[in-house]
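**Student:** Input structure: coords.txt, which contains compact mmCIF, C-alpha atoms.
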```txt
# COMPACT_ATOMS: atom_id res chain seq x y z
CA MET R 225 77.58 112.41 86.03
CA SER R 226 75.27 114.91 87.62
CA SER R 227 74.38 114.77 91.27
CA ASN R 228 71.61 117.34 90.82
CA VAL R 229 68.07 116.05 91.26
CA GLY R 230 66.59 114.92 87.94
CA ILE R 231 63.24 116.04 86.50
CA VAL R 232 60.71 113.82 84.71
CA ILE R 233 57.77 115.36 82.84
CA VAL R 234 54.71 113.14 82.27
CA SER R 235 51.91 114.55 80.12
CA HIS R 236 49.08 112.99 78.14
CA SER R 237 50.43 114.95 75.19
CA PRO R 238 53.95 114.29 73.87
CA LYS R 239 53.99 117.88 72.59
CA VAL R 240 53.27 119.31 76.02
CA ALA R 241 55.86 117.05 77.64
CA GLU R 242 58.54 117.81 75.07
CA GLY R 243 57.74 121.54 75.13
CA ALA R 244 57.99 121.67 78.91
CA ALA R 245 61.33 119.83 78.73
CA ASP R 246 62.54 122.37 76.14
CA MET R 247 61.63 125.20 78.49
CA VAL R 248 63.61 123.57 81.28
CA ARG R 249 66.68 123.11 79.09
CA GLN R 250 66.57 126.62 77.68
CA MET R 251 65.64 128.49 80.84
CA VAL R 252 67.59 126.49 83.39
CA GLY R 253 70.30 124.72 81.43
CA ALA R 254 71.86 121.34 80.97
CA GLU R 255 73.12 120.80 84.51
CA VAL R 256 69.85 119.17 85.51
CA PRO R 257 68.93 115.78 84.00
CA VAL R 258 65.53 116.08 82.30
CA ALA R 259 63.41 113.42 80.61
CA TRP R 260 59.88 113.54 79.27
CA THR R 261 57.21 111.12 78.19
CA GLY R 262 53.73 111.54 76.79
CA GLY R 263 51.19 109.89 74.54
CA ASN R 264 50.20 106.26 74.20
CA PRO R 265 51.97 103.76 71.92
CA ASP R 266 49.33 104.35 69.18
CA GLY R 267 50.22 107.99 68.93
CA GLY R 268 47.16 109.24 70.81
CA LEU R 269 46.87 111.07 74.08
CA GLY R 270 47.76 109.07 77.15
CA THR R 271 50.55 107.95 79.42
CA SER R 272 52.26 104.60 79.78
CA VAL R 273 53.86 102.99 82.81
CA PRO R 274 56.84 101.45 80.95
CA ALA R 275 57.54 104.78 79.23
CA ILE R 276 57.47 106.57 82.59
CA ILE R 277 59.92 104.03 84.05
CA GLU R 278 62.17 104.61 81.03
CA ALA R 279 62.02 108.38 81.61
CA ILE R 280 62.90 107.91 85.29
CA ASP R 281 65.93 105.84 84.22
CA LYS R 282 66.96 108.53 81.77
CA ALA R 283 66.76 111.37 84.31
CA TRP R 284 68.14 109.23 87.12
CA SER R 285 70.33 110.89 89.71
CA GLU R 286 71.63 109.58 93.00
CA SER R 287 70.04 112.68 94.55
CA GLY R 288 66.66 111.56 93.29
CA VAL R 289 64.06 112.34 90.65
CA ALA R 290 61.09 114.72 90.83
CA ILE R 291 58.13 113.89 88.55
CA LEU R 292 55.74 116.53 87.22
CA VAL R 293 52.41 115.28 85.89
CA ASP R 294 49.33 116.76 84.25
CA LEU R 295 45.97 115.06 84.76
CA GLY R 296 44.50 111.85 86.20
CA GLY R 297 46.23 108.94 84.50
CA ALA R 298 49.53 110.75 84.33
CA GLU R 299 49.54 110.78 88.11
CA THR R 300 48.22 107.26 88.71
CA ASN R 301 50.53 105.77 86.06
CA SER R 302 53.45 107.66 87.58
CA GLU R 303 52.57 106.26 91.00
CA MET R 304 52.44 102.81 89.46
CA ALA R 305 55.80 103.34 87.75
CA VAL R 306 57.36 104.40 91.05
CA GLU R 307 55.93 101.32 92.78
CA MET R 308 57.60 99.11 90.20
CA LEU R 309 61.06 100.46 90.97
CA ASP R 310 63.16 98.58 93.50
CA ALA R 311 62.73 99.76 97.08
CA GLU R 312 65.93 101.73 97.26
CA ARG R 313 65.15 103.77 94.16
CA GLN R 314 61.50 104.20 95.15
CA SER R 315 62.55 106.26 98.13
CA LYS R 316 64.34 108.66 95.81
CA VAL R 317 61.42 109.43 93.49
CA VAL R 318 58.65 111.89 94.29
CA ILE R 319 55.62 113.17 92.39
CA CYS R 320 55.15 116.92 92.78
CA ASN R 321 51.74 118.46 93.33
CA ALA R 322 52.42 121.38 91.01
CA PRO R 323 51.41 122.67 87.57
CA ILE R 324 53.37 120.66 85.01
CA VAL R 325 55.11 123.39 83.00
CA GLU R 326 55.79 125.97 85.69
CA GLY R 327 56.54 123.22 88.19
CA ALA R 328 59.10 121.61 85.88
CA VAL R 329 60.95 124.89 85.32
CA ILE R 330 60.94 125.91 88.96
CA ALA R 331 61.83 122.44 90.23
CA ALA R 332 64.73 122.38 87.76
CA ALA R 333 65.92 125.84 88.84
CA GLU R 334 65.95 124.64 92.43
CA ALA R 335 67.66 121.37 91.43
CA ALA R 336 70.35 123.32 89.54
CA SER R 337 71.50 124.84 92.82
CA GLY R 338 72.17 121.38 94.20
CA ALA R 339 69.06 121.34 96.39
CA THR R 340 67.79 118.14 98.00
CA LEU R 341 64.84 116.24 96.53
CA ASP R 342 62.62 117.43 99.40
CA LEU R 343 63.46 121.06 98.72
CA VAL R 344 62.96 120.66 94.97
CA LYS R 345 59.48 119.23 95.61
CA LYS R 346 58.62 121.88 98.18
CA THR R 347 59.67 124.70 95.85
CA ALA R 348 57.60 123.36 92.95
CA GLU R 349 54.63 122.95 95.27
CA GLU R 350 54.82 126.59 96.33
CA LEU R 351 53.13 127.22 92.97
CA SER R 352 49.99 125.33 93.95
CA PRO R 353 47.24 127.15 95.85
CA GLN R 354 47.40 126.11 99.48
CA MET S 31 77.18 141.80 110.48
CA SER S 32 75.47 144.68 108.71
CA ASP S 33 73.62 144.48 105.42
CA ILE S 34 75.35 145.19 102.15
CA THR S 35 72.94 147.05 99.91
CA GLY S 36 72.78 148.16 96.30
CA THR S 37 70.41 149.19 93.57
CA ALA S 38 70.09 148.51 89.84
CA LEU S 39 67.71 149.92 87.25
CA LEU S 40 65.68 147.27 85.47
CA THR S 41 65.89 147.94 81.76
CA HIS S 42 64.78 144.53 80.51
CA SER S 43 61.77 144.99 78.24
CA ALA S 44 59.70 142.41 80.06
CA GLY S 45 60.71 143.53 83.56
CA LEU S 46 61.48 140.86 86.12
CA HIS S 47 59.60 138.09 84.31
CA ALA S 48 60.27 134.39 83.93
CA ARG S 49 63.72 134.19 82.36
CA PRO S 50 65.30 137.18 84.10
CA THR S 51 63.87 135.96 87.41
CA LEU S 52 65.30 132.49 86.89
CA LYS S 53 68.73 133.95 86.15
CA LEU S 54 68.59 136.21 89.20
CA THR S 55 67.47 133.49 91.61
CA MET S 56 69.90 130.92 90.24
CA LEU S 57 72.73 133.44 90.65
CA ALA S 58 71.55 134.27 94.18
CA LYS S 59 71.57 130.59 95.06
CA THR S 60 75.27 130.36 94.28
CA PHE S 61 75.92 132.49 97.38
CA ALA S 62 75.56 131.33 100.96
CA ALA S 63 74.57 134.81 102.16
CA LYS S 64 70.97 135.79 102.79
CA ILE S 65 69.97 137.90 99.77
CA GLU S 66 66.78 139.87 99.40
CA VAL S 67 65.32 142.16 96.75
CA ALA S 68 62.65 144.84 96.88
CA ALA S 69 60.92 147.07 94.36
CA LYS S 70 60.91 149.92 96.90
CA PRO S 71 63.70 150.99 99.25
CA GLU S 72 61.40 150.45 102.25
CA GLY S 73 60.49 146.91 101.16
CA PRO S 74 58.76 144.51 101.35
CA TRP S 75 61.96 142.45 101.07
CA ILE S 76 61.66 139.21 99.14
CA ASP S 77 63.99 136.21 99.32
CA ALA S 78 66.08 136.51 96.13
CA LYS S 79 66.59 132.73 96.07
CA SER S 80 62.87 131.97 95.63
CA VAL S 81 61.81 131.96 91.96
CA VAL S 82 58.16 131.79 92.94
CA ARG S 83 58.30 134.76 95.30
CA VAL S 84 60.48 136.95 93.08
CA MET S 85 58.23 136.27 90.08
CA ALA S 86 55.19 137.15 92.17
CA MET S 87 56.68 140.64 92.72
CA LYS S 88 55.88 141.37 89.04
CA VAL S 89 58.48 144.13 88.86
CA PRO S 90 58.04 146.05 85.61
CA LYS S 91 60.68 147.69 83.43
CA GLY S 92 61.97 151.02 84.71
CA VAL S 93 61.87 150.12 88.39
CA THR S 94 65.03 150.46 90.45
CA LEU S 95 65.59 147.13 92.13
CA ASN S 96 66.89 147.27 95.70
CA ILE S 97 69.20 144.49 96.73
CA ARG S 98 70.53 143.64 100.17
CA ALA S 99 72.64 140.78 101.43
CA ASN S 100 73.98 139.62 104.75
CA GLY S 101 76.51 136.89 105.38
CA ASP S 102 79.35 135.18 103.58
CA LYS S 103 80.50 137.11 100.49
CA ALA S 104 77.51 139.46 100.79
CA GLU S 105 79.39 142.19 98.98
CA GLU S 106 80.20 139.93 96.04
CA ALA S 107 76.61 138.72 95.92
CA VAL S 108 75.17 142.23 95.68
CA ALA S 109 77.77 143.18 93.06
CA ALA S 110 77.02 140.06 91.01
CA ILE S 111 73.29 140.71 91.01
CA ILE S 112 73.74 144.38 90.08
CA ALA S 113 76.06 143.30 87.27
CA LEU S 114 73.48 140.79 85.99
CA VAL S 115 70.74 143.44 85.92
CA ASN S 116 73.08 145.95 84.27
CA ARG S 117 73.99 143.36 81.61
CA ASP S 118 70.26 143.15 80.92
CA PHE S 119 70.34 139.51 82.09
CA ASP S 120 72.63 138.66 79.16
CA GLU S 121 69.71 138.88 76.78
CA GLY S 122 70.14 142.29 75.12
CA ALA S 123 68.40 143.15 71.86
CA GLU S 124 68.37 139.57 70.65
CA GLY S 125 66.76 138.33 73.83
CA GLU S 126 64.11 141.03 73.73
CA LYS S 127 62.68 139.69 70.50
CA ALA S 128 61.85 136.44 72.19
CA ALA S 129 61.14 137.91 75.63
CA HIS S 130 57.47 137.46 76.17
CA GLY S 131 57.85 135.94 79.57
```
Starting from the file, lay out its structure as structure tokens.

**Tutor:**
Amino acid sequence: MSSNVGIVIVSHSPKVAEGAADMVRQMVGAEVPVAWTGGNPDGGLGTSVPAIIEAIDKAWSESGVAILVDLGGAETNSEMAVEMLDAERQSKVVICNAPIVEGAVIAAAEAASGATLDLVKKTAEELSPQ
Amino acid sequence: MSDITGTALLTHSAGLHARPTLKLTMLAKTFAAKIEVAAKPEGPWIDAKSVVRVMAMKVPKGVTLNIRANGDKAEEAVAAIIALVNRDFDEGAEGEKAAHG
């Protein structure tokens, strides 16, 4: 339905991930597909590759998907999830080097204007110290 | 083409913080024209379409925001941004209660 770039939020904590997604929806709006995932299947802190793939599917847009991650495993598991997508979709998914909460909101604000995936990533990464 | 300029007094309790900035930049992005804002009439002029840069201005309440635009529908763009600021970013008293950011 939407051709705006989608946003996926991957945190070790489901509360952080869900909270960041809430901020995106309330501050930016519903015109950007947003999905979040966090926690391991036992209810502890962690991230899971299948759950990340599911989130990518949920936020999928033909314009691509930008992933925001927190620490360590969130990034490596996201990379693994991207590698497991078929080649055509892989090229439309990027992981942003940006703080997870601020990055998600700012990436979504950029995406809401119909920006390309490259621009969405670049804007989120403006937040990171160069 | 010459610049279209305008000003608007920031009355939002939190100044140009997260939510007002997002609304301003998202509105600016709906226009093709180059739009810039400044806290002082002499600048520095900041790209009104960049959330990160506008937020970094940290404009507090009570400042008169300077707006300038150049290009397609520049006049409409400046008017729309002034209107948004004058509407207190559509947040009003209710928004202020929750406006910590």

**Student:** Check every residue of chain S for an atom within 7 Å of chain R, counting all atoms listed in the file, and provide those that qualify as a list in words.

**Tutor:**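 Applying the cut-off to the listed atoms yields Arg49, Leu52, Met56, Lys59, Thr60, Val81 and Val82 of chain S.
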
**Student:** Between R:Ala298, R:Val248, R:Val289, R:Leu343, which is the closest to Leu269 of chain R once you count only C-alpha atoms?

**Tutor:**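 For Leu269 of chain R, the nearest of the candidates is R:Ala298.
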
**Student:** What lies within 8 Å of segment 91-108 of chain S using all atoms listed in the file, ignoring chain neighbours under 2 positions off, as a PDB file with C-alpha atoms, in the frame of the given file?

**Tutor:**
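Below is the file result35.pdb, written as the result:
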```
ATOM      1  CA  MET S  31      77.180 141.800 110.480  1.00  0.00           C
ATOM      2  CA  SER S  32      75.470 144.680 108.710  1.00  0.00           C
ATOM      3  CA  ASP S  33      73.620 144.480 105.420  1.00  0.00           C
ATOM      4  CA  ILE S  34      75.350 145.190 102.150  1.00  0.00           C
ATOM      5  CA  THR S  35      72.940 147.050  99.910  1.00  0.00           C
ATOM      6  CA  GLY S  36      72.780 148.160  96.300  1.00  0.00           C
ATOM      7  CA  THR S  37      70.410 149.190  93.570  1.00  0.00           C
ATOM      8  CA  ALA S  38      70.090 148.510  89.840  1.00  0.00           C
ATOM      9  CA  LEU S  39      67.710 149.920  87.250  1.00  0.00           C
ATOM     10  CA  LEU S  40      65.680 147.270  85.470  1.00  0.00           C
ATOM     11  CA  THR S  41      65.890 147.940  81.760  1.00  0.00           C
ATOM     12  CA  HIS S  42      64.780 144.530  80.510  1.00  0.00           C
ATOM     13  CA  SER S  43      61.770 144.990  78.240  1.00  0.00           C
ATOM     14  CA  ALA S  44      59.700 142.410  80.060  1.00  0.00           C
ATOM     15  CA  GLY S  45      60.710 143.530  83.560  1.00  0.00           C
ATOM     16  CA  LEU S  46      61.480 140.860  86.120  1.00  0.00           C
ATOM     17  CA  ALA S  58      71.550 134.270  94.180  1.00  0.00           C
ATOM     18  CA  PHE S  61      75.920 132.490  97.380  1.00  0.00           C
ATOM     19  CA  ALA S  62      75.560 131.330 100.960  1.00  0.00           C
ATOM     20  CA  ALA S  63      74.570 134.810 102.160  1.00  0.00           C
ATOM     21  CA  LYS S  64      70.970 135.790 102.790  1.00  0.00           C
ATOM     22  CA  ILE S  65      69.970 137.900  99.770  1.00  0.00           C
ATOM     23  CA  GLU S  66      66.780 139.870  99.400  1.00  0.00           C
ATOM     24  CA  VAL S  67      65.320 142.160  96.750  1.00  0.00           C
ATOM     25  CA  ALA S  68      62.650 144.840  96.880  1.00  0.00           C
ATOM     26  CA  ALA S  69      60.920 147.070  94.360  1.00  0.00           C
ATOM     27  CA  LYS S  70      60.910 149.920  96.900  1.00  0.00           C
ATOM     28  CA  PRO S  71      63.700 150.990  99.250  1.00  0.00           C
ATOM     29  CA  VAL S  89      58.480 144.130  88.860  1.00  0.00           C
ATOM     30  CA  ALA S 110      77.020 140.060  91.010  1.00  0.00           C
ATOM     31  CA  ILE S 111      73.290 140.710  91.010  1.00  0.00           C
ATOM     32  CA  ILE S 112      73.740 144.380  90.080  1.00  0.00           C
TER      33      ILE S 112
END
```

**Student:** Please list as a list in words every residue within 6 Å of segment 313-321 of chain R, counting all atoms listed in the file and excluding residues in the same chain fewer than 4 positions away.

**Tutor:**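 Those residues are Gly288, Val289, Ala290, Ile291, Leu292, Val306, Leu309, Lys345 and Glu349 of chain R.
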
**Student:** Between S:Glu72, S:Asp77, S:Val84, S:Leu114, which has the minimum distance to Leu57 of chain S (counting all atoms listed in the file)?

**Tutor:**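 Ranked by minimum distance to Leu57 of chain S, first place goes to S:Leu114.
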
**Student:** Take segment 71-85 of chain S, bring it up to N, CA and C atoms, and give me the output as a PDB file, keeping the file's coordinate frame.

**Tutor:**
```
ATOM      1  N   PRO S  71      62.634 151.004  98.253  1.00  0.00           N
ATOM      2  CA  PRO S  71      63.700 150.990  99.250  1.00  0.00           C
ATOM      3  C   PRO S  71      63.207 150.567 100.640  1.00  0.00           C
ATOM      4  N   GLU S  72      61.925 150.800 100.919  1.00  0.00           N
ATOM      5  CA  GLU S  72      61.400 150.450 102.250  1.00  0.00           C
ATOM      6  C   GLU S  72      60.848 149.018 102.296  1.00  0.00           C
ATOM      7  N   GLY S  73      60.988 148.297 101.187  1.00  0.00           N
ATOM      8  CA  GLY S  73      60.490 146.910 101.160  1.00  0.00           C
ATOM      9  C   GLY S  73      59.097 146.850 100.572  1.00  0.00           C
ATOM     10  N   PRO S  74      58.387 145.739 100.666  1.00  0.00           N
ATOM     11  CA  PRO S  74      58.760 144.510 101.350  1.00  0.00           C
ATOM     12  C   PRO S  74      59.958 143.808 100.694  1.00  0.00           C
ATOM     13  N   TRP S  75      60.768 143.166 101.542  1.00  0.00           N
ATOM     14  CA  TRP S  75      61.960 142.450 101.070  1.00  0.00           C
ATOM     15  C   TRP S  75      61.615 141.001 100.794  1.00  0.00           C
ATOM     16  N   ILE S  76      62.009 140.552  99.617  1.00  0.00           N
ATOM     17  CA  ILE S  76      61.660 139.210  99.140  1.00  0.00           C
ATOM     18  C   ILE S  76      62.938 138.389  99.005  1.00  0.00           C
ATOM     19  N   ASP S  77      62.858 137.130  99.425  1.00  0.00           N
ATOM     20  CA  ASP S  77      63.990 136.210  99.320  1.00  0.00           C
ATOM     21  C   ASP S  77      64.410 136.060  97.843  1.00  0.00           C
ATOM     22  N   ALA S  78      65.609 136.517  97.526  1.00  0.00           N
ATOM     23  CA  ALA S  78      66.080 136.510  96.130  1.00  0.00           C
ATOM     24  C   ALA S  78      66.357 135.107  95.617  1.00  0.00           C
ATOM     25  N   LYS S  79      66.317 134.098  96.509  1.00  0.00           N
ATOM     26  CA  LYS S  79      66.590 132.730  96.070  1.00  0.00           C
ATOM     27  C   LYS S  79      65.294 131.981  95.742  1.00  0.00           C
ATOM     28  N   SER S  80      64.142 132.626  95.907  1.00  0.00           N
ATOM     29  CA  SER S  80      62.870 131.970  95.630  1.00  0.00           C
ATOM     30  C   SER S  80      62.302 132.455  94.301  1.00  0.00           C
ATOM     31  N   VAL S  81      62.350 131.586  93.282  1.00  0.00           N
ATOM     32  CA  VAL S  81      61.810 131.960  91.960  1.00  0.00           C
ATOM     33  C   VAL S  81      60.353 132.365  92.094  1.00  0.00           C
ATOM     34  N   VAL S  82      59.596 131.560  92.844  1.00  0.00           N
ATOM     35  CA  VAL S  82      58.160 131.790  92.940  1.00  0.00           C
ATOM     36  C   VAL S  82      57.871 133.170  93.542  1.00  0.00           C
ATOM     37  N   ARG S  83      58.585 133.497  94.621  1.00  0.00           N
ATOM     38  CA  ARG S  83      58.300 134.760  95.300  1.00  0.00           C
ATOM     39  C   ARG S  83      58.808 135.969  94.510  1.00  0.00           C
ATOM     40  N   VAL S  84      59.966 135.821  93.869  1.00  0.00           N
ATOM     41  CA  VAL S  84      60.480 136.950  93.080  1.00  0.00           C
ATOM     42  C   VAL S  84      59.576 137.193  91.870  1.00  0.00           C
ATOM     43  N   MET S  85      59.118 136.107  91.235  1.00  0.00           N
ATOM     44  CA  MET S  85      58.230 136.270  90.080  1.00  0.00           C
ATOM     45  C   MET S  85      56.920 136.927  90.497  1.00  0.00           C
TER      46      MET S  85
END
```
